[in-house]
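Colleague: input.cif (mmCIF, C-alpha atoms (C1' of nucleotides)) pasted underneath:
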```
data_upload
#
loop_
_atom_site.label_atom_id
_atom_site.label_comp_id
_atom_site.auth_asym_id
_atom_site.auth_seq_id
_atom_site.Cartn_x
_atom_site.Cartn_y
_atom_site.Cartn_z
CA MET A 425 -136.49 11.17 66.02
CA ASP A 426 -139.17 12.44 63.69
CA SER A 427 -142.18 14.05 65.22
CA GLU A 428 -144.69 11.58 63.82
CA THR A 429 -142.96 8.72 65.58
CA ARG A 430 -142.85 10.72 68.76
CA ASN A 431 -146.53 11.52 68.44
CA ALA A 432 -147.37 7.87 67.95
CA PHE A 433 -145.75 7.08 71.28
CA PHE A 434 -147.39 10.05 72.94
CA ARG A 435 -150.79 8.97 71.72
CA PHE A 436 -150.18 5.50 73.05
CA PHE A 437 -149.11 6.63 76.50
CA ASN A 438 -151.91 9.14 76.58
CA GLU A 439 -154.50 6.43 76.02
CA ILE A 440 -152.82 4.28 78.62
CA GLY A 441 -152.91 7.08 81.16
CA ILE A 442 -156.56 7.85 80.58
CA ILE A 443 -157.61 4.21 80.72
CA ALA A 444 -155.71 3.77 83.97
CA GLN A 445 -157.47 6.79 85.39
CA LEU A 446 -160.96 5.88 84.20
CA SER A 447 -160.73 2.25 85.19
CA ARG A 448 -159.45 3.19 88.59
CA THR A 449 -162.31 5.59 89.17
CA ALA A 450 -164.81 3.05 87.87
CA LEU A 451 -163.58 0.46 90.34
CA GLU A 452 -163.42 2.83 93.28
CA THR A 453 -167.02 3.94 92.90
CA ARG A 454 -167.96 0.31 93.60
CA LEU A 455 -165.81 -0.03 96.70
CA PRO A 456 -166.90 0.93 100.22
CA LYS A 457 -165.97 4.51 100.94
CA GLY A 458 -162.38 4.97 102.03
CA LEU A 459 -161.10 1.99 100.07
CA THR A 460 -159.09 2.45 96.94
CA LEU A 461 -157.77 0.51 93.98
CA PRO A 462 -154.48 -0.26 95.75
CA HIS A 463 -156.40 -1.73 98.70
CA PHE A 464 -158.36 -3.99 96.45
CA SER A 465 -155.37 -4.87 94.28
CA VAL A 466 -153.25 -5.94 97.20
CA VAL A 467 -155.96 -8.11 98.72
CA ASN A 468 -156.66 -9.61 95.34
CA HIS A 469 -152.98 -10.27 94.78
CA LEU A 470 -152.65 -11.97 98.16
CA ILE A 471 -155.45 -14.32 97.19
CA ARG A 472 -154.36 -14.98 93.62
CA VAL A 473 -150.71 -15.45 94.35
CA LYS A 474 -150.30 -16.32 98.02
CA ASP A 475 -150.43 -14.50 101.31
CA GLY A 476 -147.56 -14.33 103.73
CA GLN A 477 -145.55 -12.15 101.36
CA THR A 478 -143.37 -9.34 102.64
CA PRO A 479 -144.32 -5.69 102.19
CA LEU A 480 -141.32 -5.21 99.94
CA ALA A 481 -142.37 -8.07 97.71
CA LEU A 482 -145.77 -6.44 97.38
CA ALA A 483 -144.25 -3.05 96.65
CA SER A 484 -142.19 -4.52 93.87
CA ALA A 485 -145.10 -6.55 92.49
CA PHE A 486 -147.02 -3.30 92.08
CA GLN A 487 -144.02 -1.20 91.17
CA VAL A 488 -144.64 1.34 93.89
CA PRO A 489 -142.18 2.77 96.42
CA LYS A 490 -142.09 0.94 99.70
CA THR A 491 -143.41 3.95 101.59
CA THR A 492 -146.50 3.80 99.44
CA MET A 493 -146.97 0.14 100.26
CA THR A 494 -146.57 0.84 103.97
CA HIS A 495 -149.36 3.36 103.67
CA THR A 496 -151.62 0.97 101.78
CA LEU A 497 -150.97 -1.84 104.25
CA ASN A 498 -151.81 0.45 107.15
CA GLY A 499 -155.15 1.11 105.53
CA LEU A 500 -155.76 -2.63 105.16
CA LEU A 501 -154.74 -3.16 108.79
CA GLU A 502 -157.17 -0.51 110.00
CA HIS A 503 -159.95 -2.25 108.11
CA GLY A 504 -158.90 -5.58 109.57
CA PHE A 505 -158.33 -7.02 106.10
CA VAL A 506 -154.81 -8.23 106.81
CA GLU A 507 -152.65 -9.25 109.72
CA ILE A 508 -148.97 -8.51 109.88
CA ARG A 509 -146.62 -10.98 111.49
CA PRO A 510 -142.86 -11.04 111.85
CA ASN A 511 -140.92 -12.77 109.13
CA PRO A 512 -139.36 -15.85 110.75
CA ASP A 513 -136.60 -15.83 108.15
CA ASP A 514 -135.59 -12.20 108.57
CA GLY A 515 -135.90 -10.07 111.65
CA ARG A 516 -136.05 -6.81 109.67
CA SER A 517 -139.00 -7.99 107.70
CA LYS A 518 -142.68 -8.77 108.06
CA THR A 519 -145.25 -10.94 106.41
CA VAL A 520 -148.76 -10.01 105.34
CA TRP A 521 -151.68 -12.39 105.88
CA LEU A 522 -155.31 -12.13 104.84
CA THR A 523 -158.02 -12.28 107.45
CA GLN A 524 -161.49 -13.69 106.89
CA THR A 525 -162.76 -10.11 106.74
CA GLY A 526 -160.23 -9.37 104.03
CA ARG A 527 -161.36 -12.35 101.99
CA GLN A 528 -164.95 -11.29 102.39
CA PHE A 529 -164.10 -7.77 101.24
CA ARG A 530 -162.63 -9.22 98.09
CA GLU A 531 -165.68 -11.41 97.46
CA ASP A 532 -168.02 -8.48 97.86
CA ALA A 533 -165.92 -6.20 95.72
CA ILE A 534 -165.78 -8.71 92.90
CA ARG A 535 -169.49 -9.26 93.08
CA SER A 536 -170.15 -5.56 92.71
CA ILE A 537 -167.68 -5.04 89.87
CA ASP A 538 -168.71 -8.03 87.81
CA PRO A 539 -171.62 -6.26 86.13
CA ASP A 540 -169.26 -3.55 84.93
CA ILE A 541 -166.85 -6.09 83.53
CA ASP A 542 -169.78 -7.79 81.87
CA ALA A 543 -170.81 -4.55 80.25
CA LEU A 544 -167.29 -3.94 79.02
CA CYS A 545 -167.08 -7.51 77.82
CA GLN A 546 -170.19 -6.96 75.75
CA ASN A 547 -168.55 -4.08 73.94
CA VAL A 548 -164.98 -5.31 73.85
CA PRO A 549 -164.81 -9.08 73.83
CA ARG A 550 -162.40 -10.90 76.06
CA GLU A 551 -160.41 -12.15 73.08
CA LYS A 552 -159.64 -8.61 72.04
CA ILE A 553 -158.44 -7.77 75.52
CA GLU A 554 -156.32 -10.89 75.73
CA ALA A 555 -154.78 -10.11 72.38
CA LEU A 556 -153.45 -6.85 73.79
CA VAL A 557 -151.86 -8.20 76.91
CA PRO A 558 -148.67 -9.73 75.49
CA ALA A 559 -147.63 -6.49 73.81
CA LEU A 560 -148.45 -4.54 76.94
CA THR A 561 -146.43 -6.94 79.02
CA GLU A 562 -143.53 -6.50 76.66
CA ILE A 563 -143.71 -2.73 76.99
CA ARG A 564 -144.09 -2.89 80.73
CA THR A 565 -141.10 -5.18 80.98
CA PHE A 566 -139.00 -2.81 78.91
CA LEU A 567 -140.00 0.20 81.00
CA ASP A 568 -139.26 -1.74 84.12
CA LYS A 569 -135.78 -2.68 82.93
CA ALA A 570 -135.07 0.82 81.70
CA ARG A 571 -135.71 2.20 85.14
CA ASP A 572 -132.39 2.98 86.82
CA MET B 501 -169.04 -14.18 84.97
CA ASP B 502 -166.45 -16.91 85.11
CA SER B 503 -163.29 -16.20 86.93
CA GLU B 504 -160.98 -16.73 83.97
CA THR B 505 -162.72 -13.98 82.05
CA ARG B 506 -162.52 -11.73 85.07
CA ASN B 507 -158.84 -12.48 85.45
CA ALA B 508 -158.21 -11.66 81.82
CA PHE B 509 -159.63 -8.20 82.38
CA PHE B 510 -157.76 -7.80 85.65
CA ARG B 511 -154.50 -8.71 83.98
CA PHE B 512 -155.18 -6.19 81.27
CA PHE B 513 -155.98 -3.34 83.64
CA ASN B 514 -153.07 -4.28 85.82
CA GLU B 515 -150.63 -3.95 82.92
CA ILE B 516 -152.24 -0.67 81.97
CA GLY B 517 -151.86 0.68 85.48
CA ILE B 518 -148.23 -0.30 85.77
CA ILE B 519 -147.34 1.10 82.36
CA ALA B 520 -149.05 4.36 83.24
CA GLN B 521 -147.07 4.53 86.45
CA LEU B 522 -143.70 3.58 84.97
CA SER B 523 -144.02 5.84 81.95
CA ARG B 524 -145.02 8.71 84.15
CA THR B 525 -142.02 8.25 86.40
CA ALA B 526 -139.74 7.84 83.39
CA LEU B 527 -140.92 11.13 81.97
CA GLU B 528 -140.76 13.01 85.23
CA THR B 529 -137.16 12.10 85.91
CA ARG B 530 -136.34 14.01 82.71
CA LEU B 531 -138.30 17.12 83.63
CA PRO B 532 -136.92 19.99 85.72
CA LYS B 533 -137.66 19.40 89.37
CA GLY B 534 -141.14 20.39 90.44
CA LEU B 535 -142.66 19.73 87.04
CA THR B 536 -144.87 16.74 86.46
CA LEU B 537 -146.45 14.76 83.67
CA PRO B 538 -149.64 16.85 83.79
CA HIS B 539 -147.61 20.04 83.37
CA PHE B 540 -145.89 18.66 80.33
CA SER B 541 -149.05 17.12 78.91
CA VAL B 542 -151.01 20.32 79.12
CA VAL B 543 -148.30 22.39 77.47
CA ASN B 544 -147.88 19.75 74.80
CA HIS B 545 -151.61 19.64 74.23
CA LEU B 546 -151.78 23.42 73.88
CA ILE B 547 -149.16 23.24 71.17
CA ARG B 548 -150.50 20.21 69.34
CA VAL B 549 -154.11 21.25 69.38
CA LYS B 550 -154.30 24.99 69.93
CA ASP B 551 -153.87 27.37 72.79
CA GLY B 552 -156.59 29.72 74.01
CA GLN B 553 -158.66 26.81 75.31
CA THR B 554 -160.63 27.06 78.53
CA PRO B 555 -159.56 25.25 81.71
CA LEU B 556 -162.69 23.14 81.51
CA ALA B 557 -161.90 22.05 77.97
CA LEU B 558 -158.46 20.99 79.17
CA ALA B 559 -159.89 19.15 82.15
CA SER B 560 -162.19 17.19 79.90
CA ALA B 561 -159.46 16.51 77.33
CA PHE B 562 -157.43 14.86 80.08
CA GLN B 563 -160.40 13.38 81.92
CA VAL B 564 -159.51 14.98 85.22
CA PRO B 565 -161.76 16.92 87.62
CA LYS B 566 -161.69 20.65 87.09
CA THR B 567 -160.12 21.26 90.50
CA THR B 568 -157.20 19.15 89.41
CA MET B 569 -156.82 21.23 86.26
CA THR B 570 -156.94 24.44 88.29
CA HIS B 571 -154.08 23.13 90.35
CA THR B 572 -152.04 22.11 87.31
CA LEU B 573 -152.63 25.46 85.62
CA ASN B 574 -151.52 27.30 88.75
CA GLY B 575 -148.26 25.39 88.56
CA LEU B 576 -147.83 26.37 84.92
CA LEU B 577 -148.63 29.98 85.79
CA GLU B 578 -146.02 30.04 88.55
CA HIS B 579 -143.44 28.80 86.08
CA GLY B 580 -144.53 31.41 83.56
CA PHE B 581 -145.39 28.74 81.01
CA VAL B 582 -148.89 29.98 80.37
CA GLU B 583 -150.91 33.18 80.59
CA ILE B 584 -154.53 33.22 81.57
CA ARG B 585 -156.87 35.73 80.02
CA PRO B 586 -160.60 36.26 80.33
CA ASN B 587 -162.79 34.46 77.85
CA PRO B 588 -164.34 37.17 75.68
CA ASP B 589 -167.29 34.89 74.94
CA ASP B 590 -168.13 33.97 78.53
CA GLY B 591 -167.53 36.03 81.63
CA ARG B 592 -167.36 32.99 83.90
CA SER B 593 -164.61 31.47 81.90
CA LYS B 594 -160.94 31.95 81.07
CA THR B 595 -158.56 31.06 78.30
CA VAL B 596 -155.09 29.57 78.55
CA TRP B 597 -152.25 30.80 76.34
CA LEU B 598 -148.70 29.58 75.98
CA THR B 599 -145.82 31.93 76.63
CA GLN B 600 -142.46 31.77 74.90
CA THR B 601 -141.07 30.27 78.09
CA GLY B 602 -143.74 27.58 77.95
CA ARG B 603 -142.87 26.72 74.37
CA GLN B 604 -139.22 26.55 75.29
CA PHE B 605 -140.01 24.22 78.19
CA ARG B 606 -141.74 21.89 75.80
CA GLU B 607 -138.83 21.96 73.33
CA ASP B 608 -136.35 21.16 76.06
CA ALA B 609 -138.50 18.43 77.54
CA ILE B 610 -138.93 16.73 74.19
CA ARG B 611 -135.23 16.93 73.52
CA SER B 612 -134.48 15.21 76.79
CA ILE B 613 -137.12 12.50 76.39
CA ASP B 614 -136.34 11.63 72.78
CA PRO B 615 -133.48 9.29 73.66
CA ASP B 616 -135.81 7.30 75.89
CA ILE B 617 -138.40 7.04 73.17
CA ASP B 618 -135.68 5.97 70.80
CA ALA B 619 -134.61 3.24 73.16
CA LEU B 620 -138.17 2.04 73.52
CA CYS B 621 -138.63 2.22 69.76
CA GLN B 622 -135.63 -0.04 69.34
CA ASN B 623 -137.27 -2.69 71.48
CA VAL B 624 -140.87 -2.17 70.54
CA PRO B 625 -141.22 -0.82 67.02
CA ARG B 626 -143.55 2.03 66.29
CA GLU B 627 -145.80 -0.18 64.19
CA LYS B 628 -146.47 -2.41 67.15
CA ILE B 629 -147.38 0.57 69.28
CA GLU B 630 -149.61 2.01 66.60
CA ALA B 631 -151.36 -1.30 66.21
CA LEU B 632 -152.44 -1.14 69.85
CA VAL B 633 -153.88 2.34 69.81
CA PRO B 634 -157.21 1.70 68.07
CA ALA B 635 -158.23 -0.98 70.56
CA LEU B 636 -157.11 1.17 73.46
CA THR B 637 -159.11 4.08 72.10
CA GLU B 638 -162.13 1.84 71.84
CA ILE B 639 -161.76 0.77 75.46
CA ARG B 640 -161.12 4.30 76.63
CA THR B 641 -164.21 5.49 74.79
CA PHE B 642 -166.33 2.81 76.38
CA LEU B 643 -165.05 3.60 79.87
CA ASP B 644 -165.67 7.25 79.25
CA LYS B 645 -169.26 6.62 78.17
CA ALA B 646 -169.90 4.23 81.03
CA ARG B 647 -168.96 6.93 83.51
CA ASP B 648 -172.11 8.30 85.12
"C1'" DT C 139 -114.94 -11.38 115.47
"C1'" DT C 140 -115.63 -6.84 114.20
"C1'" DG C 141 -116.58 -3.17 111.36
"C1'" DA C 142 -118.62 -1.61 106.91
"C1'" DT C 143 -122.26 -2.08 103.77
"C1'" DT C 144 -126.68 -3.39 102.34
"C1'" DT C 145 -131.49 -4.17 103.13
"C1'" DA C 146 -136.59 -3.95 105.25
"C1'" DG C 147 -139.53 -1.04 107.05
"C1'" DT C 148 -141.27 3.51 108.90
"C1'" DG C 149 -141.83 8.71 110.26
"C1'" DC C 150 -142.15 12.93 108.26
"C1'" DG C 151 -143.03 16.49 105.07
"C1'" DA C 152 -144.05 18.16 100.35
"C1'" DT C 153 -146.96 17.64 96.53
"C1'" DT C 154 -150.86 15.76 93.85
"C1'" DT C 155 -155.48 14.47 93.37
"C1'" DC C 156 -160.11 15.42 93.98
"C1'" DG C 157 -164.85 15.84 96.41
"C1'" DC C 158 -167.71 19.42 98.35
"C1'" DA C 159 -169.34 23.79 98.82
"C1'" DC C 160 -169.24 28.32 97.25
"C1'" DT C 161 -169.33 32.69 93.93
"C1'" DA C 162 -170.09 34.70 89.58
"C1'" DT C 163 -172.05 34.42 85.22
"C1'" DT C 164 -174.88 32.55 81.60
"C1'" DT C 165 -178.93 30.26 79.82
"C1'" DA C 166 -183.75 28.84 80.01
"C1'" DA C 167 -188.49 29.33 81.24
"C1'" DT C 168 -192.51 31.89 81.82
"C1'" DA D 1463 -188.05 41.27 82.55
"C1'" DT D 1464 -187.62 38.14 86.27
"C1'" DT D 1465 -186.52 34.17 88.26
"C1'" DA D 1466 -184.77 29.44 88.31
"C1'" DA D 1467 -181.47 26.29 86.72
"C1'" DA D 1468 -177.10 25.19 84.80
"C1'" DT D 1469 -172.22 26.16 84.16
"C1'" DA D 1470 -167.00 27.87 84.89
"C1'" DG D 1471 -163.85 28.33 88.10
"C1'" DT D 1472 -161.83 28.37 92.91
"C1'" DG D 1473 -160.95 27.63 98.18
"C1'" DC D 1474 -160.58 24.23 101.35
"C1'" DG D 1475 -159.79 19.96 103.47
"C1'" DA D 1476 -158.88 14.93 103.24
"C1'" DA D 1477 -156.39 11.38 101.38
"C1'" DA D 1478 -152.73 9.26 98.25
"C1'" DT D 1479 -148.12 9.29 96.58
"C1'" DC D 1480 -143.42 9.33 97.36
"C1'" DG D 1481 -138.54 11.23 98.36
"C1'" DC D 1482 -135.47 11.62 102.23
"C1'" DA D 1483 -133.62 10.40 106.36
"C1'" DC D 1484 -133.68 7.29 109.93
"C1'" DT D 1485 -133.54 2.58 112.84
"C1'" DA D 1486 -132.80 -2.19 113.16
"C1'" DA D 1487 -131.29 -6.31 111.29
"C1'" DA D 1488 -128.67 -9.07 107.97
"C1'" DT D 1489 -124.70 -9.77 105.03
"C1'" DC D 1490 -120.09 -9.14 103.59
"C1'" DA D 1491 -115.04 -8.40 104.14
"C1'" DA D 1492 -110.82 -8.84 106.41
#
```
As a first step, turn the structure in this file into structure tokens.
Modeller:
Amino acid sequence: MDSETRNAFFRFFNEIGIIAQLSRTALETRLPKGLTLPHFSVVNHLIRVKDGQTPLALASAFQVPKTTMTHTLNGLLEHGFVEIRPNPDDGRSKTVWLTQTGRQFREDAIRSIDPDIDALCQNVPREKIEALVPALTEIRTFLDKARD
Amino acid sequence: MDSETRNAFFRFFNEIGIIAQLSRTALETRLPKGLTLPHFSVVNHLIRVKDGQTPLALASAFQVPKTTMTHTLNGLLEHGFVEIRPNPDDGRSKTVWLTQTGRQFREDAIRSIDPDIDALCQNVPREKIEALVPALTEIRTFLDKARD
DNA sequence: TTGATTTAGTGCGATTTCGCACTATTTAAT
DNA sequence: ATTAAATAGTGCGAAATCGCACTAAATCAA
């Protein structure tokens, strides 16, 4: 492996890491204090996909360890954004349901982030962003498979 | 802001976040226990760019708060990977220098990651990666500017 | 059926991240 | 020269992340 190839990959992952960090911070400054990107992401996911999912399904959707998801869900519970009910199909398991408060949180969050997305959109048009996603998905999928 | 545009950006940042997470974990499983991506990144940066930089310069190169960099540098110090000397130009400041042990750590780390990069390279050619970087840099630069 | 194995979720502890407040030093202003 | 403001770095505490070990329930094997 020649060092220029290696550096190309390093540069790529470095940009990825910094964007993840900056975008996370940017979002969190808009959220009510004490709420984080994972809180928002999970609520958003429950709306976009479907609520009633199990904690494990959520953990694997976000590629985090299940202990991390437990922690995030506890935060959402404390804020009254979700309810947790037993899983009728599996006594070991639970299901996660949005409350009205949780839906409202998501509405408010989106409303306060939209201007930032607009600003970004002005500088980097949506088409450019969309053009990147397939390659990113491909890389993510590879990394996910390679994990063992 | 229509919701499809918003979703396009969400999808993008979501992929970014997951790739950051997976690539970090992938790297860290190759590092000696107790060493993390930031440890490796800082040592690598000191070699690629130049050692003798100040902690603040490193913090801003990696876009992390200076307290975070202090913590990372303490870890590197404990492992004997860097030395910290006063900054002759500024009595408040310090400079960070690689030791031979630190350089060796970097050599070993790279040797153990190279196979993973190779595997990735087989699936996603270098050219494809390189093609993404300019757009990512543009986005990173915007996010960095927008931070205030 | 019964016993072994796998799986979902959590408690706990170690580490990372990072905001806030503080000290020491430098720079700027008059 | 003196004083005010800005800057570099750290100590501390709160929260996030996550590995390990555990319980309870489901699945598999014979």
Colleague: Can you pull out every residue within 12 Å of DT144 of chain C, counting all atoms listed in the file, but drop anything in the same chain fewer than 2 positions away, and send it as a list of chain:residue names?
Modeller: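 Near neighbours after the sequence-gap exclusion: C:DA142, C:DA146, D:DA1487, D:DA1488, D:DT1489, D:DC1490.
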Colleague: Would you compute an axis-aligned box for segment 151-162 of chain C, covering every atom listed for it in the file with 5 Å of margin on each side, and report centre and edge lengths in Å to one decimal as lines of an AutoDock Vina configuration file?
Modeller:
```
center_x = -156.6
center_y = 24.6
center_z = 97.3
size_x = 37.1
size_y = 30.2
size_z = 25.5
```
Colleague: Of the candidates B:Asp551, B:Asp644, B:Asp614, B:Glu504, which one gets nearest to Trp597 of chain B if we count only C-alpha atoms?
Modeller: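 Using only C-alpha atoms, Trp597 of chain B sits closest to B:Asp551.
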Colleague: Rotate and translate chain B onto chain A via least squares on all in-order Cα pairs, then write the result as a tab-separated table (two decimals) with C-alpha atoms, keeping the file's coordinate frame.
Modeller:
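Produced file selection_38.tsv, reproduced below:
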```
chain	number	residue	atom	x	y	z
B	501	MET	CA	-136.51	11.25	66.01
B	502	ASP	CA	-139.21	12.48	63.70
B	503	SER	CA	-142.21	14.06	65.22
B	504	GLU	CA	-144.73	11.60	63.82
B	505	THR	CA	-142.99	8.73	65.57
B	506	ARG	CA	-142.89	10.74	68.76
B	507	ASN	CA	-146.57	11.52	68.45
B	508	ALA	CA	-147.39	7.87	67.94
B	509	PHE	CA	-145.78	7.08	71.27
B	510	PHE	CA	-147.41	10.05	72.95
B	511	ARG	CA	-150.81	8.97	71.72
B	512	PHE	CA	-150.19	5.50	73.04
B	513	PHE	CA	-149.11	6.64	76.49
B	514	ASN	CA	-151.91	9.14	76.60
B	515	GLU	CA	-154.52	6.42	76.02
B	516	ILE	CA	-152.82	4.28	78.62
B	517	GLY	CA	-152.91	7.07	81.17
B	518	ILE	CA	-156.56	7.85	80.60
B	519	ILE	CA	-157.60	4.21	80.74
B	520	ALA	CA	-155.68	3.77	83.97
B	521	GLN	CA	-157.44	6.78	85.42
B	522	LEU	CA	-160.94	5.90	84.23
B	523	SER	CA	-160.71	2.25	85.22
B	524	ARG	CA	-159.44	3.21	88.62
B	525	THR	CA	-162.31	5.60	89.20
B	526	ALA	CA	-164.79	3.05	87.89
B	527	LEU	CA	-163.56	0.48	90.36
B	528	GLU	CA	-163.42	2.84	93.29
B	529	THR	CA	-167.01	3.96	92.93
B	530	ARG	CA	-167.94	0.32	93.61
B	531	LEU	CA	-165.78	-0.04	96.70
B	532	PRO	CA	-166.89	0.93	100.22
B	533	LYS	CA	-165.94	4.51	100.94
B	534	GLY	CA	-162.36	4.99	102.01
B	535	LEU	CA	-161.10	2.00	100.07
B	536	THR	CA	-159.07	2.45	96.93
B	537	LEU	CA	-157.77	0.51	93.98
B	538	PRO	CA	-154.48	-0.28	95.75
B	539	HIS	CA	-156.38	-1.74	98.71
B	540	PHE	CA	-158.36	-4.00	96.44
B	541	SER	CA	-155.37	-4.89	94.29
B	542	VAL	CA	-153.26	-5.95	97.21
B	543	VAL	CA	-155.97	-8.12	98.72
B	544	ASN	CA	-156.68	-9.62	95.33
B	545	HIS	CA	-153.00	-10.28	94.78
B	546	LEU	CA	-152.68	-11.98	98.16
B	547	ILE	CA	-155.48	-14.33	97.19
B	548	ARG	CA	-154.40	-14.99	93.62
B	549	VAL	CA	-150.75	-15.48	94.36
B	550	LYS	CA	-150.35	-16.34	98.03
B	551	ASP	CA	-150.49	-14.52	101.30
B	552	GLY	CA	-147.59	-14.36	103.75
B	553	GLN	CA	-145.57	-12.18	101.37
B	554	THR	CA	-143.39	-9.36	102.63
B	555	PRO	CA	-144.34	-5.70	102.16
B	556	LEU	CA	-141.33	-5.25	99.92
B	557	ALA	CA	-142.39	-8.12	97.68
B	558	LEU	CA	-145.79	-6.47	97.36
B	559	ALA	CA	-144.26	-3.09	96.62
B	560	SER	CA	-142.21	-4.57	93.83
B	561	ALA	CA	-145.12	-6.59	92.46
B	562	PHE	CA	-147.05	-3.35	92.05
B	563	GLN	CA	-144.04	-1.23	91.14
B	564	VAL	CA	-144.64	1.30	93.87
B	565	PRO	CA	-142.15	2.73	96.39
B	566	LYS	CA	-142.08	0.89	99.68
B	567	THR	CA	-143.40	3.91	101.58
B	568	THR	CA	-146.48	3.79	99.41
B	569	MET	CA	-146.96	0.12	100.24
B	570	THR	CA	-146.56	0.83	103.95
B	571	HIS	CA	-149.34	3.35	103.66
B	572	THR	CA	-151.62	0.98	101.76
B	573	LEU	CA	-150.98	-1.83	104.23
B	574	ASN	CA	-151.80	0.46	107.14
B	575	GLY	CA	-155.15	1.12	105.51
B	576	LEU	CA	-155.77	-2.61	105.14
B	577	LEU	CA	-154.75	-3.14	108.76
B	578	GLU	CA	-157.17	-0.48	109.98
B	579	HIS	CA	-159.96	-2.22	108.11
B	580	GLY	CA	-158.91	-5.56	109.56
B	581	PHE	CA	-158.34	-7.00	106.10
B	582	VAL	CA	-154.84	-8.20	106.79
B	583	GLU	CA	-152.66	-9.25	109.71
B	584	ILE	CA	-148.99	-8.50	109.86
B	585	ARG	CA	-146.64	-10.96	111.48
B	586	PRO	CA	-142.88	-11.03	111.84
B	587	ASN	CA	-140.94	-12.77	109.13
B	588	PRO	CA	-139.41	-15.85	110.76
B	589	ASP	CA	-136.62	-15.83	108.18
B	590	ASP	CA	-135.59	-12.20	108.56
B	591	GLY	CA	-135.90	-10.03	111.63
B	592	ARG	CA	-136.06	-6.81	109.63
B	593	SER	CA	-139.00	-8.00	107.68
B	594	LYS	CA	-142.69	-8.79	108.07
B	595	THR	CA	-145.28	-10.94	106.41
B	596	VAL	CA	-148.80	-10.01	105.34
B	597	TRP	CA	-151.71	-12.39	105.88
B	598	LEU	CA	-155.33	-12.13	104.85
B	599	THR	CA	-158.05	-12.26	107.46
B	600	GLN	CA	-161.52	-13.66	106.92
B	601	THR	CA	-162.77	-10.09	106.76
B	602	GLY	CA	-160.24	-9.36	104.03
B	603	ARG	CA	-161.38	-12.34	102.00
B	604	GLN	CA	-164.97	-11.26	102.41
B	605	PHE	CA	-164.10	-7.75	101.24
B	606	ARG	CA	-162.64	-9.20	98.09
B	607	GLU	CA	-165.69	-11.40	97.46
B	608	ASP	CA	-168.03	-8.46	97.87
B	609	ALA	CA	-165.92	-6.19	95.72
B	610	ILE	CA	-165.78	-8.71	92.90
B	611	ARG	CA	-169.50	-9.24	93.09
B	612	SER	CA	-170.12	-5.54	92.72
B	613	ILE	CA	-167.64	-5.04	89.88
B	614	ASP	CA	-168.69	-8.05	87.82
B	615	PRO	CA	-171.59	-6.26	86.15
B	616	ASP	CA	-169.22	-3.56	84.95
B	617	ILE	CA	-166.83	-6.11	83.55
B	618	ASP	CA	-169.74	-7.81	81.88
B	619	ALA	CA	-170.78	-4.58	80.26
B	620	LEU	CA	-167.27	-3.96	79.04
B	621	CYS	CA	-167.04	-7.55	77.82
B	622	GLN	CA	-170.16	-6.99	75.77
B	623	ASN	CA	-168.51	-4.10	73.96
B	624	VAL	CA	-164.96	-5.32	73.87
B	625	PRO	CA	-164.78	-9.10	73.83
B	626	ARG	CA	-162.37	-10.92	76.07
B	627	GLU	CA	-160.36	-12.17	73.11
B	628	LYS	CA	-159.61	-8.63	72.05
B	629	ILE	CA	-158.43	-7.77	75.53
B	630	GLU	CA	-156.31	-10.89	75.76
B	631	ALA	CA	-154.74	-10.12	72.42
B	632	LEU	CA	-153.42	-6.84	73.81
B	633	VAL	CA	-151.83	-8.20	76.94
B	634	PRO	CA	-148.65	-9.73	75.49
B	635	ALA	CA	-147.60	-6.49	73.83
B	636	LEU	CA	-148.43	-4.52	76.95
B	637	THR	CA	-146.39	-6.93	79.03
B	638	GLU	CA	-143.50	-6.49	76.65
B	639	ILE	CA	-143.68	-2.72	76.98
B	640	ARG	CA	-144.08	-2.88	80.73
B	641	THR	CA	-141.07	-5.16	80.97
B	642	PHE	CA	-138.97	-2.80	78.91
B	643	LEU	CA	-139.99	0.22	80.99
B	644	ASP	CA	-139.24	-1.71	84.12
B	645	LYS	CA	-135.76	-2.64	82.90
B	646	ALA	CA	-135.05	0.86	81.67
B	647	ARG	CA	-135.70	2.23	85.14
B	648	ASP	CA	-132.39	3.09	86.78
```
Colleague: Contacts of Lys552 of chain A at 12 Å or less, counting all atoms listed in the file, minus same-chain residues fewer than 3 places along, as a list in words?
Modeller: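 Those residues are Leu544, Cys545, Gln546, Asn547, Val548, Pro549, Ala555, Leu556, Val557 and Pro558 of chain A; Thr505, Ala508, Phe509, Phe512, Leu632, Pro634, Ala635, Leu636, Glu638 and Ile639 of chain B.
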Colleague: For the PyMOL selection byres ((chain D) within 9 of (chain B)), applied here, can you spell out every residue it catches as a PyMOL selection string?
Modeller: chain D and resi 1469-1472
Colleague: Could you please take those selected residues and save C-alpha atoms (C1' of nucleotides) as a compact mmCIF listing (two decimals), in the coordinates of the input?
Modeller:
```
# COMPACT_ATOMS: atom_id res chain seq x y z
C1' DT D 1469 -172.22 26.16 84.16
C1' DA D 1470 -167.00 27.87 84.89
C1' DG D 1471 -163.85 28.33 88.10
C1' DT D 1472 -161.83 28.37 92.91
```
Colleague: Report as a list in words the residues that result from applying the PyMOL selection byres ((chain C) within 9 of (chain B)) to the structure here.
Modeller: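 Applied to this file, the PyMOL selection byres ((chain C) within 9 of (chain B)) returns DT153, DT154, DT155, DC156, DA162, DT163 and DT164 of chain C.
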Colleague: For the file shown, what are the residues hit by the PyMOL selection byres ((chain A) within 6 of (chain B)), laid out as a ChimeraX atom specification?
Modeller: /A:436,440-441,443-444,557,564
Colleague: Excluding DA1468 of chain D and any residue of its chain fewer than 2 positions from it, enumerate the residues within 10 Å of it, using only C-alpha atoms (C1' of nucleotides), and give them as a PyMOL selection string.
Modeller: (chain C and resi 164-166) or (chain D and resi 1466)
